[in-house]
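> Structure: structure.cif, mmCIF, C-alpha atoms and all ligand atoms.
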```
data_structure
loop_
_atom_site.label_atom_id
_atom_site.label_comp_id
_atom_site.auth_asym_id
_atom_site.auth_seq_id
_atom_site.Cartn_x
_atom_site.Cartn_y
_atom_site.Cartn_z
CA MET U 1 233.16 -168.85 60.01
CA LYS U 2 231.94 -166.86 56.99
CA LYS U 3 231.27 -163.24 57.82
CA LYS U 4 227.69 -162.08 57.47
CA VAL U 5 227.26 -159.52 54.70
CA ALA U 6 225.02 -156.50 55.31
CA LEU U 7 223.89 -153.83 52.88
CA ILE U 8 222.75 -150.51 54.35
CA THR U 9 220.82 -147.99 52.26
CA GLY U 10 221.06 -144.53 53.83
CA ILE U 11 224.50 -145.31 55.29
CA THR U 12 225.54 -141.64 55.21
CA GLY U 13 222.59 -140.67 57.45
CA GLN U 14 222.29 -140.64 61.23
CA ASP U 15 221.05 -144.21 61.73
CA GLY U 16 223.01 -145.68 58.81
CA SER U 17 226.32 -144.50 60.23
CA PHE U 18 225.59 -145.79 63.77
CA LEU U 19 224.33 -149.08 62.35
CA ALA U 20 227.41 -149.50 60.12
CA LYS U 21 229.66 -149.11 63.17
CA LEU U 22 227.55 -151.53 65.22
CA LEU U 23 227.66 -154.17 62.46
CA LEU U 24 231.43 -153.77 62.04
CA SER U 25 231.82 -154.35 65.78
CA LYS U 26 229.81 -157.57 65.28
CA ASN U 27 232.25 -158.66 62.57
CA TYR U 28 229.91 -158.14 59.61
CA LYS U 29 231.16 -157.24 56.16
CA VAL U 30 229.38 -153.93 55.63
CA HIS U 31 228.32 -152.43 52.31
CA GLY U 32 226.55 -149.12 51.93
CA ILE U 33 224.86 -147.10 49.21
CA LYS U 34 225.74 -143.44 48.89
CA ARG U 35 224.31 -140.90 46.50
CA ARG U 36 226.40 -138.80 44.16
CA THR U 37 226.61 -135.33 45.73
CA SER U 38 228.57 -132.23 44.73
CA PHE U 39 230.31 -132.27 48.14
CA PHE U 40 231.35 -135.47 49.89
CA SER U 41 228.48 -136.71 52.07
CA THR U 42 230.37 -139.27 54.14
CA LYS U 43 231.18 -137.04 57.13
CA ARG U 44 229.38 -139.33 59.58
CA ILE U 45 231.40 -142.40 58.55
CA ASP U 46 234.72 -140.79 57.60
CA ASP U 47 236.32 -142.02 60.84
CA VAL U 48 235.68 -145.64 59.83
CA LEU U 49 236.58 -145.06 56.18
CA LYS U 50 239.95 -143.57 57.18
CA GLU U 51 240.69 -146.06 59.92
CA LYS U 52 240.71 -149.24 57.84
CA HIS U 53 241.64 -150.81 61.14
CA SER U 54 243.78 -153.81 61.75
CA LYS U 55 241.33 -156.52 60.72
CA ASN U 56 240.81 -154.72 57.42
CA GLN U 57 237.29 -153.94 58.60
CA THR U 58 235.86 -151.05 56.70
CA ILE U 59 232.75 -149.99 54.87
CA ASN U 60 232.44 -150.80 51.19
CA LEU U 61 230.65 -147.89 49.56
CA HIS U 62 228.79 -148.06 46.27
CA TYR U 63 227.21 -145.22 44.37
CA GLY U 64 223.48 -145.71 44.19
CA ASP U 65 220.04 -144.27 44.49
CA VAL U 66 217.03 -146.22 45.70
CA THR U 67 214.79 -144.58 43.09
CA ASP U 68 216.85 -146.30 40.36
CA SER U 69 215.43 -149.84 40.17
CA VAL U 70 218.13 -151.24 37.88
CA ASN U 71 220.81 -149.85 40.15
CA CYS U 72 219.12 -151.49 43.20
CA PHE U 73 218.94 -154.88 41.48
CA ASP U 74 222.55 -154.58 40.27
CA LEU U 75 223.79 -153.85 43.78
CA ILE U 76 221.88 -156.74 45.34
CA LYS U 77 223.30 -159.06 42.66
CA LYS U 78 226.85 -157.77 43.10
CA ILE U 79 226.93 -157.62 46.92
CA LYS U 80 224.86 -160.75 47.64
CA PRO U 81 223.94 -159.55 51.14
CA ASP U 82 222.57 -161.76 53.89
CA GLU U 83 220.76 -158.78 55.43
CA VAL U 84 219.51 -155.52 53.92
CA TYR U 85 218.84 -152.56 56.21
CA HIS U 86 216.74 -150.17 54.17
CA LEU U 87 217.11 -146.78 55.84
CA ALA U 88 217.34 -144.44 52.82
CA ALA U 89 214.60 -141.83 52.81
CA GLN U 90 213.62 -138.22 52.46
CA SER U 91 213.15 -138.22 56.21
CA HIS U 92 212.04 -134.64 56.97
CA VAL U 93 208.31 -134.37 57.67
CA ALA U 94 207.98 -130.62 57.01
CA ILE U 95 209.90 -130.90 53.72
CA SER U 96 207.57 -133.70 52.61
CA PHE U 97 204.80 -131.10 52.32
CA GLU U 98 207.00 -129.12 49.93
CA GLN U 99 208.21 -132.17 48.01
CA PRO U 100 205.42 -134.76 48.20
CA TYR U 101 206.20 -136.46 44.84
CA TYR U 102 209.88 -136.69 45.62
CA THR U 103 209.16 -138.03 49.11
CA ALA U 104 206.77 -140.67 47.77
CA ASN U 105 209.27 -141.62 45.10
CA VAL U 106 212.14 -142.17 47.52
CA ASP U 107 210.25 -143.41 50.57
CA PHE U 108 207.67 -145.65 48.89
CA LEU U 109 208.98 -146.54 45.41
CA GLY U 110 212.53 -146.79 46.79
CA THR U 111 211.27 -149.48 49.17
CA LEU U 112 209.48 -151.23 46.31
CA ASN U 113 212.72 -151.22 44.29
CA MET U 114 214.64 -152.85 47.13
CA LEU U 115 211.94 -155.45 47.83
CA GLU U 116 211.56 -156.35 44.15
CA SER U 117 215.34 -156.66 43.72
CA ILE U 118 215.47 -159.09 46.64
CA ARG U 119 212.40 -161.03 45.48
CA ILE U 120 213.85 -161.51 42.00
CA TYR U 121 217.45 -162.18 43.02
CA ASN U 122 217.18 -164.20 46.24
CA LYS U 123 214.13 -164.33 48.50
CA LYS U 124 216.27 -165.59 51.40
CA ILE U 125 217.87 -162.18 51.96
CA LYS U 126 216.53 -160.63 55.17
CA PHE U 127 215.02 -157.16 54.78
CA TYR U 128 214.51 -154.40 57.35
CA ASN U 129 212.23 -151.46 56.52
CA ALA U 130 212.55 -148.18 58.44
CA ALA U 131 208.93 -147.38 59.23
CA SER U 132 207.98 -144.55 61.55
CA SER U 133 205.79 -143.44 64.44
CA GLU U 134 204.64 -140.62 62.14
CA MET U 135 202.37 -143.27 60.56
CA TYR U 136 200.17 -143.08 63.68
CA GLY U 137 199.38 -139.44 63.17
CA ASP U 138 197.07 -138.47 65.99
CA SER U 139 195.66 -141.89 66.69
CA ARG U 140 195.53 -142.62 70.41
CA ASN U 141 194.39 -145.86 71.95
CA SER U 142 192.75 -146.06 75.34
CA ILE U 143 195.98 -145.79 77.31
CA GLY U 144 197.30 -142.90 75.23
CA GLU U 145 200.19 -144.95 73.85
CA GLN U 146 200.84 -146.36 70.41
CA ASN U 147 201.84 -149.97 69.86
CA GLU U 148 201.87 -152.46 66.97
CA ASN U 149 198.05 -152.74 67.10
CA THR U 150 197.21 -149.05 67.09
CA THR U 151 195.36 -147.69 64.05
CA PHE U 152 197.41 -145.58 61.67
CA ASN U 153 196.18 -142.13 60.73
CA PRO U 154 199.00 -140.42 58.81
CA LYS U 155 199.16 -136.62 58.68
CA SER U 156 201.86 -135.85 56.09
CA PRO U 157 203.11 -137.01 52.69
CA TYR U 158 206.09 -138.46 54.59
CA ALA U 159 203.83 -140.48 56.88
CA VAL U 160 201.66 -141.71 53.99
CA SER U 161 204.74 -142.81 52.05
CA LYS U 162 206.14 -144.61 55.09
CA LEU U 163 202.78 -146.28 55.75
CA ALA U 164 202.69 -147.50 52.14
CA SER U 165 206.23 -148.87 52.55
CA PHE U 166 205.17 -150.53 55.82
CA HIS U 167 202.26 -152.33 54.16
CA LEU U 168 204.37 -153.23 51.13
CA THR U 169 206.95 -154.88 53.41
CA LYS U 170 204.15 -156.94 54.99
CA VAL U 171 202.78 -157.84 51.54
CA TYR U 172 206.18 -159.22 50.47
CA ARG U 173 206.46 -161.14 53.74
CA GLU U 174 203.00 -162.67 53.41
CA SER U 175 202.99 -163.23 49.63
CA TYR U 176 206.49 -164.56 49.04
CA GLY U 177 207.53 -165.85 52.46
CA MET U 178 210.32 -163.29 52.60
CA PHE U 179 212.02 -162.33 55.87
CA ALA U 180 210.79 -158.74 55.63
CA SER U 181 210.32 -156.83 58.90
CA ASN U 182 209.28 -153.32 59.86
CA GLY U 183 210.68 -151.26 62.70
CA ILE U 184 208.14 -148.62 63.78
CA LEU U 185 210.63 -146.24 65.29
CA PHE U 186 209.73 -143.23 67.39
CA ASN U 187 211.95 -140.13 67.25
CA HIS U 188 215.57 -140.90 67.98
CA GLU U 189 218.24 -138.27 68.01
CA SER U 190 221.97 -137.90 68.55
CA GLU U 191 224.99 -135.65 68.27
CA ILE U 192 225.00 -136.37 64.51
CA ARG U 193 221.28 -135.73 63.97
CA GLY U 194 220.48 -133.66 60.86
CA GLU U 195 220.66 -129.98 61.73
CA ASN U 196 217.13 -129.11 60.61
CA PHE U 197 215.42 -131.49 63.02
CA LEU U 198 214.09 -129.91 66.21
CA THR U 199 216.48 -131.42 68.75
CA ARG U 200 219.67 -130.65 66.83
CA LYS U 201 218.49 -127.18 65.88
CA VAL U 202 217.98 -126.51 69.59
CA SER U 203 221.22 -128.15 70.77
CA LYS U 204 223.25 -126.15 68.21
CA PHE U 205 221.61 -122.89 69.23
CA VAL U 206 222.00 -123.56 72.95
CA ALA U 207 225.68 -124.45 72.50
CA LYS U 208 226.30 -121.17 70.66
CA TYR U 209 224.25 -119.24 73.23
CA SER U 210 226.44 -120.63 76.00
CA PHE U 211 229.38 -118.77 74.43
CA THR U 212 227.76 -115.61 73.05
CA LYS U 213 224.59 -115.08 75.16
CA LYS U 214 223.19 -113.67 71.92
CA GLY U 215 220.72 -114.61 69.19
CA ILE U 216 217.05 -115.51 68.93
CA LEU U 217 216.01 -119.09 68.24
CA LEU U 218 213.12 -119.22 65.76
CA LEU U 219 210.87 -122.24 66.12
CA GLY U 220 207.45 -123.57 65.12
CA ASN U 221 204.97 -125.53 67.23
CA LEU U 222 206.11 -125.87 70.85
CA ASP U 223 202.96 -127.71 71.97
CA SER U 224 203.42 -131.06 70.18
CA TYR U 225 204.65 -134.07 72.17
CA ARG U 226 207.38 -136.44 71.03
CA ASP U 227 208.85 -139.65 72.40
CA TRP U 228 212.58 -138.98 72.03
CA GLY U 229 215.29 -141.62 72.35
CA TYR U 230 219.00 -141.95 71.52
CA ALA U 231 219.87 -143.28 68.05
CA PRO U 232 222.63 -145.77 69.06
CA ASP U 233 220.14 -147.53 71.40
CA PHE U 234 217.69 -147.75 68.49
CA VAL U 235 220.09 -149.17 65.89
CA ASP U 236 220.78 -152.01 68.31
CA GLY U 237 217.02 -152.66 68.20
CA ILE U 238 217.06 -152.55 64.40
CA TRP U 239 219.74 -155.24 64.34
CA ARG U 240 217.76 -157.37 66.83
CA ILE U 241 214.67 -157.17 64.60
CA LEU U 242 216.55 -158.98 61.80
CA GLN U 243 218.01 -161.55 64.23
CA TYR U 244 214.55 -162.52 65.56
CA LYS U 245 213.39 -166.07 64.77
CA HIS U 246 210.79 -164.87 62.26
CA PRO U 247 209.93 -161.65 60.43
CA ASP U 248 207.61 -159.29 62.30
CA ASP U 249 206.86 -155.63 63.05
CA PHE U 250 208.15 -153.92 66.20
CA VAL U 251 207.76 -150.57 67.91
CA LEU U 252 211.00 -149.09 69.29
CA SER U 253 210.50 -146.08 71.54
CA SER U 254 211.58 -144.56 74.84
CA GLY U 255 208.07 -144.95 76.28
CA ILE U 256 208.14 -141.39 77.62
CA THR U 257 206.79 -138.26 75.97
CA HIS U 258 207.67 -134.58 76.39
CA SER U 259 206.47 -131.42 74.71
CA VAL U 260 208.76 -129.55 72.36
CA LYS U 261 208.63 -126.68 74.87
CA LYS U 262 209.91 -128.99 77.62
CA PHE U 263 212.77 -130.14 75.38
CA VAL U 264 213.77 -126.51 74.82
CA ILE U 265 213.54 -125.72 78.56
CA LEU U 266 215.72 -128.73 79.45
CA ALA U 267 218.31 -127.88 76.79
CA PHE U 268 218.71 -124.33 78.14
CA LYS U 269 218.73 -125.66 81.71
CA HIS U 270 221.72 -127.79 80.76
CA ILE U 271 223.80 -124.61 80.27
CA GLY U 272 222.37 -123.02 83.42
CA VAL U 273 219.82 -120.78 81.70
CA GLU U 274 216.27 -120.71 83.04
CA LEU U 275 213.57 -119.68 80.59
CA LYS U 276 210.25 -117.98 81.13
CA PHE U 277 207.53 -117.83 78.48
CA LYS U 278 204.91 -115.35 77.37
CA LYS U 279 202.16 -116.29 74.92
CA ILE U 280 200.52 -113.61 72.78
CA GLY U 281 197.78 -115.13 70.63
CA ASN U 282 199.40 -118.30 69.29
CA GLN U 283 202.92 -116.95 69.46
CA TYR U 284 205.38 -117.89 72.19
CA PHE U 285 208.21 -115.68 73.38
CA GLY U 286 210.93 -117.18 75.58
CA TYR U 287 213.12 -115.01 77.83
CA ASN U 288 216.26 -115.61 79.84
CA LYS U 289 214.86 -115.34 83.38
CA LEU U 290 218.09 -113.80 84.64
CA ASN U 291 218.09 -110.68 82.45
CA ASN U 292 214.73 -110.76 80.60
CA ASN U 293 216.50 -110.98 77.24
CA LEU U 294 214.45 -112.55 74.44
CA VAL U 295 216.07 -115.88 73.42
CA LEU U 296 213.37 -117.56 71.36
CA LYS U 297 210.13 -116.97 69.56
CA THR U 298 207.77 -119.02 67.43
CA ILE U 299 207.05 -117.98 63.85
CA ASN U 300 204.53 -119.24 61.30
CA TYR U 301 207.25 -120.31 58.86
CA TYR U 302 208.16 -123.34 61.01
CA TYR U 303 204.59 -124.51 61.54
CA ARG U 304 203.43 -127.43 59.37
CA PRO U 305 200.22 -127.53 57.34
CA ASN U 306 199.25 -130.48 59.54
CA GLU U 307 200.80 -131.55 62.84
CA VAL U 308 201.10 -134.78 64.78
CA ASN U 309 200.29 -133.52 68.25
CA TYR U 310 201.06 -136.47 70.47
CA LEU U 311 203.34 -139.51 70.22
CA LYS U 312 204.16 -141.95 72.98
CA GLY U 313 205.31 -145.44 72.08
CA ASN U 314 204.82 -148.70 73.90
CA TYR U 315 207.84 -150.97 73.23
CA LEU U 316 206.63 -153.94 75.29
CA LYS U 317 206.69 -156.35 72.32
CA ALA U 318 210.33 -155.50 71.54
CA LYS U 319 211.20 -155.82 75.23
CA LYS U 320 209.62 -159.28 75.48
CA LYS U 321 210.65 -160.76 72.14
CA LEU U 322 213.90 -158.97 71.30
CA LYS U 323 215.09 -158.33 74.88
CA TRP U 324 215.47 -154.71 73.78
CA LYS U 325 215.04 -151.60 75.86
CA PRO U 326 216.31 -148.02 75.54
CA LYS U 327 219.21 -147.05 77.80
CA THR U 328 219.40 -143.27 77.43
CA ASN U 329 216.89 -140.89 79.04
CA ILE U 330 216.06 -137.41 77.80
CA ASN U 331 218.44 -135.63 80.22
CA ASN U 332 221.35 -137.77 79.05
CA LEU U 333 220.32 -137.29 75.43
CA ILE U 334 220.33 -133.50 75.87
CA LYS U 335 223.67 -133.64 77.66
CA ILE U 336 225.22 -135.69 74.85
CA MET U 337 223.86 -133.38 72.14
CA VAL U 338 224.53 -129.99 73.73
CA ASP U 339 227.98 -130.94 75.08
CA ASN U 340 228.96 -132.25 71.66
CA ASP U 341 227.85 -129.04 69.93
CA ILE U 342 229.79 -127.03 72.54
CA GLU U 343 232.85 -129.17 71.81
CA ASN U 344 232.39 -128.66 68.05
CA LEU U 345 232.32 -124.89 68.61
CA ARG U 346 235.39 -125.00 70.84
CA LYS U 347 237.32 -126.86 68.13
CA SER U 348 236.28 -124.29 65.52
CA LEU U 349 237.48 -121.28 67.59
P1 LIG S 1 218.68 -139.27 57.68
O1 LIG S 1 219.76 -138.86 58.62
O2 LIG S 1 217.89 -138.23 56.99
O3 LIG S 1 219.35 -140.24 56.59
C1 LIG S 1 218.68 -140.58 55.41
C2 LIG S 1 219.65 -141.31 54.51
O4 LIG S 1 218.98 -141.65 53.29
C3 LIG S 1 220.88 -140.49 54.11
O5 LIG S 1 221.98 -141.35 54.05
C4 LIG S 1 220.52 -140.02 52.71
O6 LIG S 1 221.64 -139.74 51.89
C5 LIG S 1 219.81 -141.28 52.20
N1 LIG S 1 218.99 -141.04 51.02
C6 LIG S 1 218.02 -140.11 50.84
N2 LIG S 1 217.48 -140.23 49.62
C7 LIG S 1 218.12 -141.26 49.00
C8 LIG S 1 218.01 -141.86 47.73
N3 LIG S 1 217.14 -141.43 46.84
N4 LIG S 1 218.83 -142.91 47.45
C9 LIG S 1 219.72 -143.36 48.35
N5 LIG S 1 219.88 -142.80 49.58
C10 LIG S 1 219.08 -141.78 49.90
O7 LIG S 1 217.63 -140.22 58.43
P2 LIG S 1 217.78 -141.06 59.79
O8 LIG S 1 217.34 -140.21 60.91
O9 LIG S 1 219.11 -141.71 59.81
O10 LIG S 1 216.64 -142.14 59.59
C11 LIG S 1 216.89 -143.37 58.93
C12 LIG S 1 215.58 -143.95 58.43
O11 LIG S 1 214.69 -144.15 59.53
C13 LIG S 1 214.82 -143.07 57.46
O12 LIG S 1 214.14 -143.92 56.56
C14 LIG S 1 213.81 -142.33 58.33
O13 LIG S 1 212.69 -141.94 57.56
C15 LIG S 1 213.48 -143.43 59.33
N6 LIG S 1 213.05 -142.97 60.64
C16 LIG S 1 213.83 -142.10 61.35
C17 LIG S 1 213.44 -141.73 62.64
C18 LIG S 1 214.29 -140.78 63.46
O14 LIG S 1 213.77 -140.27 64.48
N7 LIG S 1 215.56 -140.55 63.12
C19 LIG S 1 212.28 -142.26 63.19
C20 LIG S 1 211.52 -143.15 62.43
C21 LIG S 1 211.92 -143.52 61.17
P3 LIG S 1 222.36 -138.28 51.92
O15 LIG S 1 223.33 -138.35 53.08
O16 LIG S 1 223.00 -138.23 50.59
O17 LIG S 1 221.28 -137.25 52.13
O1 LIG S 2 209.97 -132.22 64.68
C1 LIG S 2 208.24 -129.34 66.09
C2 LIG S 2 207.64 -130.05 64.89
O2 LIG S 2 211.31 -132.30 62.58
C3 LIG S 2 209.62 -132.56 66.00
C4 LIG S 2 211.89 -137.59 61.72
O3 LIG S 2 213.05 -138.27 62.10
O4 LIG S 2 210.71 -138.29 63.69
C5 LIG S 2 211.13 -137.16 62.96
O5 LIG S 2 210.01 -136.38 62.57
C6 LIG S 2 208.52 -131.62 66.49
C7 LIG S 2 207.37 -131.42 65.50
O6 LIG S 2 210.80 -134.44 63.85
C8 LIG S 2 210.48 -126.76 64.87
O7 LIG S 2 206.48 -129.37 64.43
C9 LIG S 2 208.87 -126.92 66.31
O8 LIG S 2 206.15 -131.41 66.21
O9 LIG S 2 212.43 -132.87 64.77
P1 LIG S 2 211.22 -132.91 63.93
P2 LIG S 2 209.45 -135.16 63.43
O10 LIG S 2 208.63 -134.33 62.54
O11 LIG S 2 208.81 -135.66 64.69
C10 LIG S 2 209.85 -139.20 62.98
C11 LIG S 2 209.54 -140.36 63.89
C12 LIG S 2 210.38 -139.58 61.65
O12 LIG S 2 210.12 -140.66 61.16
C13 LIG S 2 211.03 -138.52 60.84
O13 LIG S 2 211.86 -139.08 59.85
O14 LIG S 2 209.09 -130.32 66.68
N1 LIG S 2 209.04 -128.15 65.77
N2 LIG S 2 209.73 -126.05 65.78
C14 LIG S 2 210.03 -128.09 64.87
N3 LIG S 2 210.58 -129.02 64.07
C15 LIG S 2 211.60 -128.65 63.26
N4 LIG S 2 212.19 -129.56 62.45
N5 LIG S 2 212.05 -127.34 63.22
C16 LIG S 2 211.51 -126.36 64.00
O15 LIG S 2 211.94 -125.22 63.95
#
```
For this file, produce the structure as structure tokens.

Amino acid sequence: MKKKVALITGITGQDGSFLAKLLLSKNYKVHGIKRRTSFFSTKRIDDVLKEKHSKNQTINLHYGDVTDSVNCFDLIKKIKPDEVYHLAAQSHVAISFEQPYYTANVDFLGTLNMLESIRIYNKKIKFYNAASSEMYGDSRNSIGEQNENTTFNPKSPYAVSKLASFHLTKVYRESYGMFASNGILFNHESEIRGENFLTRKVSKFVAKYSFTKKGILLLGNLDSYRDWGYAPDFVDGIWRILQYKHPDDFVLSSGITHSVKKFVILAFKHIGVELKFKKIGNQYFGYNKLNNNLVLKTINYYYRPNEVNYLKGNYLKAKKKLKWKPKTNINNLIKIMVDNDIENLRKSL
């Protein structure tokens, strides 16, 4: 049987690398777009690139940038994919306030470039767009959860760009009959999460603290709530979205929400450190309960001009239609992340 061909934009990122490995395990021929960088950016997929295992299964990488429309069209024409997983983005919410034009260019126009390339070349190619729970902003429905019917109320240039890409994907589906679907994914993390996202910043610090018992972790808002899941569970959901009988939009989430403060407490607890907090004005100070040493404080620098205070996703539609549900709870997620950062440190000693 002919292998299915997948093209992943954003293959060097967290989700792209997990998805590439999942698709290889499902016997896909996998192509990915990587940007030209001054250092190699393929760390997350180097194991697969080096392996070239027995069945000659590997990832075919192409230089590309989703802001370059000609390049996008060229790649679609050359690769002739059956499925396109469009994950490439400037994905950091705080940075989107500093680089709003750039974020809109990559996250919105990049999506337009991919959709147009598919529309012009072959409308039968299935398209997945990586939309985000950030699009909800602070909107809450009556049960305090967000699902596919909840009103969007974006709070950042990132969220606005993603919402535009979400609607654009629907427009292409409705106007041209294309198989174009959105995944509205809530936060999902892993041992290879970018180091300037909250969970990884915390897991790296906690791992180091377990060796040195030194340092002060500087954070921003501890009072926001996030629905955190584990990235490998979520990329399985992404794949299921494109295998569904027709194109549609799906929430993928853990269904449980915790404050940032709780995440930090649980991460320290994992290495046997209990924290106690003091709040002076708006500033938090966190101490090691055992010896009263200061281990964290909040500073203005890491606060955003606008914050999404509360996210909790309802994934019932994905559960019913895709038979998808998350497998990893927050304690296991923290264990995976902190233990992996401890292991990384051990190897570097
Ligand atoms: P990530 O780790 O930041 O990866 C982003 C990927 O996009 C990287 O491979 C990056 O390449 C690539 N990229 C950035 N700009 C590009 C451009 N102009 N042209 C081509 N490639 C470009 O993000 P992630 O966590 O894997 O998330 C994947 C997607 O899901 C993103 O669209 C994100 O916005 C969305 N999303 C993520 C979450 C989450 O919690 N992780 C939740 C909802 C939605 P480099 O390696 O060269 O930087
Ligand atoms: O922040 C707070 C911060 O940057 C989580 C992206 O994958 O998920 C992600 O966006 C929370 C926020 O993720 C620090 O203010 C406190 O309330 O890890 P984050 P995010 O903004 O939720 C969505 C679904 C996406 O789509 C995005 O692509 O933690 N926070 N102190 C901090 N956040 C960071 N980064 N750094 C801090 O020091």
> One number please: atom CA of U:Gly229 to atom CA of U:Ser190, in Å, one decimal.
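Atom-to-atom, atom CA of U:Gly229 to atom CA of U:Ser190, that is 8.5 Å.
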> Distance table requested - stretch 233-298 of chain U against stretch 309-333 of chain U, cut-off 9 Å, all atoms listed in the file: one row per qualifying residue with the closest atom pair and its distance in Å to one decimal, ordered by chain and rising residue number, as a tab-separated table.

```
residue	atom	partner	partner_atom	distance
U:Asp233	CA	U:Pro326	CA	5.7
U:Phe234	CA	U:Pro326	CA	7.2
U:Asp236	CA	U:Trp324	CA	8.1
U:Gly237	CA	U:Trp324	CA	6.1
U:Arg240	CA	U:Leu322	CA	6.1
U:Ile241	CA	U:Leu322	CA	7.0
U:Gln243	CA	U:Leu322	CA	8.6
U:Tyr244	CA	U:Leu322	CA	6.8
U:Phe250	CA	U:Ala318	CA	6.0
U:Val251	CA	U:Tyr315	CA	5.3
U:Leu252	CA	U:Tyr315	CA	5.4
U:Ser253	CA	U:Gly313	CA	5.3
U:Ser254	CA	U:Pro326	CA	5.9
U:Gly255	CA	U:Gly313	CA	5.0
U:Ile256	CA	U:Lys312	CA	6.1
U:Thr257	CA	U:Lys312	CA	5.4
U:His258	CA	U:Lys312	CA	8.8
U:Ser259	CA	U:Tyr310	CA	8.5
U:Phe263	CA	U:Ile330	CA	8.3
U:Leu266	CA	U:Asn331	CA	7.5
U:Ala267	CA	U:Asn331	CA	8.5
U:His270	CA	U:Asn331	CA	8.5
```
> Determine the nearest neighbour of U:Lys4 from the options U:Ala164, U:Ile125, U:Val264, U:Val66, counting only C-alpha atoms.
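Checking each of U:Ala164, U:Ile125, U:Val264, U:Val66 against U:Lys4, counting only C-alpha atoms, the winner is U:Ile125.
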> Excluding U:Asn153 and its own-chain neighbours fewer than 2 positions away, which residues fall within 9 Å of it when counting only C-alpha atoms? Please give them as a PDB file with C-alpha atoms, in the frame of the given file.

```pdb
ATOM      1  CA  GLU U 134     204.640-140.620  62.140  1.00  0.00           C
ATOM      2  CA  MET U 135     202.370-143.270  60.560  1.00  0.00           C
ATOM      3  CA  TYR U 136     200.170-143.080  63.680  1.00  0.00           C
ATOM      4  CA  GLY U 137     199.380-139.440  63.170  1.00  0.00           C
ATOM      5  CA  ASP U 138     197.070-138.470  65.990  1.00  0.00           C
ATOM      6  CA  SER U 139     195.660-141.890  66.690  1.00  0.00           C
ATOM      7  CA  THR U 151     195.360-147.690  64.050  1.00  0.00           C
ATOM      8  CA  LYS U 155     199.160-136.620  58.680  1.00  0.00           C
ATOM      9  CA  ALA U 159     203.830-140.480  56.880  1.00  0.00           C
ATOM     10  CA  VAL U 160     201.660-141.710  53.990  1.00  0.00           C
TER      11      VAL U 160
END
```
> Which residues form the shell of 6 Å around ligand LIG 1 (chain S) when you count only C-alpha atoms and all ligand atoms, given as an mmCIF file with C-alpha atoms, keeping the file's coordinate frame?

```
data_model
loop_
_atom_site.group_PDB
_atom_site.id
_atom_site.type_symbol
_atom_site.label_atom_id
_atom_site.label_comp_id
_atom_site.auth_asym_id
_atom_site.auth_seq_id
_atom_site.Cartn_x
_atom_site.Cartn_y
_atom_site.Cartn_z
ATOM 1 C CA THR U 9 220.820 -147.990 52.260
ATOM 2 C CA GLY U 10 221.060 -144.530 53.830
ATOM 3 C CA ILE U 11 224.500 -145.310 55.290
ATOM 4 C CA THR U 12 225.540 -141.640 55.210
ATOM 5 C CA GLY U 13 222.590 -140.670 57.450
ATOM 6 C CA GLN U 14 222.290 -140.640 61.230
ATOM 7 C CA ASP U 15 221.050 -144.210 61.730
ATOM 8 C CA GLY U 16 223.010 -145.680 58.810
ATOM 9 C CA LYS U 34 225.740 -143.440 48.890
ATOM 10 C CA ARG U 35 224.310 -140.900 46.500
ATOM 11 C CA SER U 41 228.480 -136.710 52.070
ATOM 12 C CA ASP U 65 220.040 -144.270 44.490
ATOM 13 C CA VAL U 66 217.030 -146.220 45.700
ATOM 14 C CA THR U 67 214.790 -144.580 43.090
ATOM 15 C CA LEU U 87 217.110 -146.780 55.840
ATOM 16 C CA ALA U 88 217.340 -144.440 52.820
ATOM 17 C CA ALA U 89 214.600 -141.830 52.810
ATOM 18 C CA GLN U 90 213.620 -138.220 52.460
ATOM 19 C CA SER U 91 213.150 -138.220 56.210
ATOM 20 C CA VAL U 106 212.140 -142.170 47.520
ATOM 21 C CA ALA U 130 212.550 -148.180 58.440
ATOM 22 C CA ALA U 131 208.930 -147.380 59.230
ATOM 23 C CA SER U 132 207.980 -144.550 61.550
ATOM 24 C CA LEU U 185 210.630 -146.240 65.290
ATOM 25 C CA PHE U 186 209.730 -143.230 67.390
ATOM 26 C CA ASN U 187 211.950 -140.130 67.250
ATOM 27 C CA HIS U 188 215.570 -140.900 67.980
ATOM 28 C CA GLY U 194 220.480 -133.660 60.860
#
```
> Residues of chain U that approach ligand LIG 2 (chain S) to 8 Å or less, counting all atoms listed in the file: could you list each one with the shortest pair of atoms and its distance in Å to one decimal, rows by chain and increasing residue number, as CSV?

```
residue,atom,partner,partner_atom,distance
U:Gln90,CA,S:LIG2,O13,7.6
U:Ser91,CA,S:LIG2,O13,4.0
U:His92,CA,S:LIG2,O13,5.3
U:Val93,CA,S:LIG2,O10,4.9
U:Ala94,CA,S:LIG2,O10,6.7
U:Ala131,CA,S:LIG2,O12,7.1
U:Ser132,CA,S:LIG2,O12,4.5
U:Ser133,CA,S:LIG2,C11,4.9
U:Glu134,CA,S:LIG2,C11,5.2
U:Tyr158,CA,S:LIG2,O13,7.8
U:Ala159,CA,S:LIG2,O12,7.6
U:Leu185,CA,S:LIG2,C11,6.1
U:Phe186,CA,S:LIG2,C11,4.5
U:Asn187,CA,S:LIG2,C11,4.1
U:His188,CA,S:LIG2,O3,6.9
U:Glu189,CA,S:LIG2,O3,7.9
U:Asn196,CA,S:LIG2,N4,5.3
U:Phe197,CA,S:LIG2,O9,3.7
U:Leu198,CA,S:LIG2,O9,3.7
U:Thr199,CA,S:LIG2,O9,5.9
U:Arg200,CA,S:LIG2,O9,7.8
U:Lys201,CA,S:LIG2,N5,7.0
U:Leu218,CA,S:LIG2,O15,6.4
U:Leu219,CA,S:LIG2,O15,3.8
U:Gly220,CA,S:LIG2,N2,3.4
U:Asn221,CA,S:LIG2,C9,4.2
U:Leu222,CA,S:LIG2,C9,5.4
U:Asp223,CA,S:LIG2,O8,7.6
U:Ser224,CA,S:LIG2,O8,4.8
U:Tyr225,CA,S:LIG2,O8,6.7
U:Arg226,CA,S:LIG2,O11,6.5
U:Val260,CA,S:LIG2,O14,5.7
U:Thr298,CA,S:LIG2,N2,7.5
U:Tyr302,CA,S:LIG2,O15,5.1
U:Tyr303,CA,S:LIG2,O7,6.0
U:Arg304,CA,S:LIG2,O7,6.2
U:Glu307,CA,S:LIG2,O7,6.3
U:Val308,CA,S:LIG2,O8,6.2
U:Asn309,CA,S:LIG2,O8,6.6
```
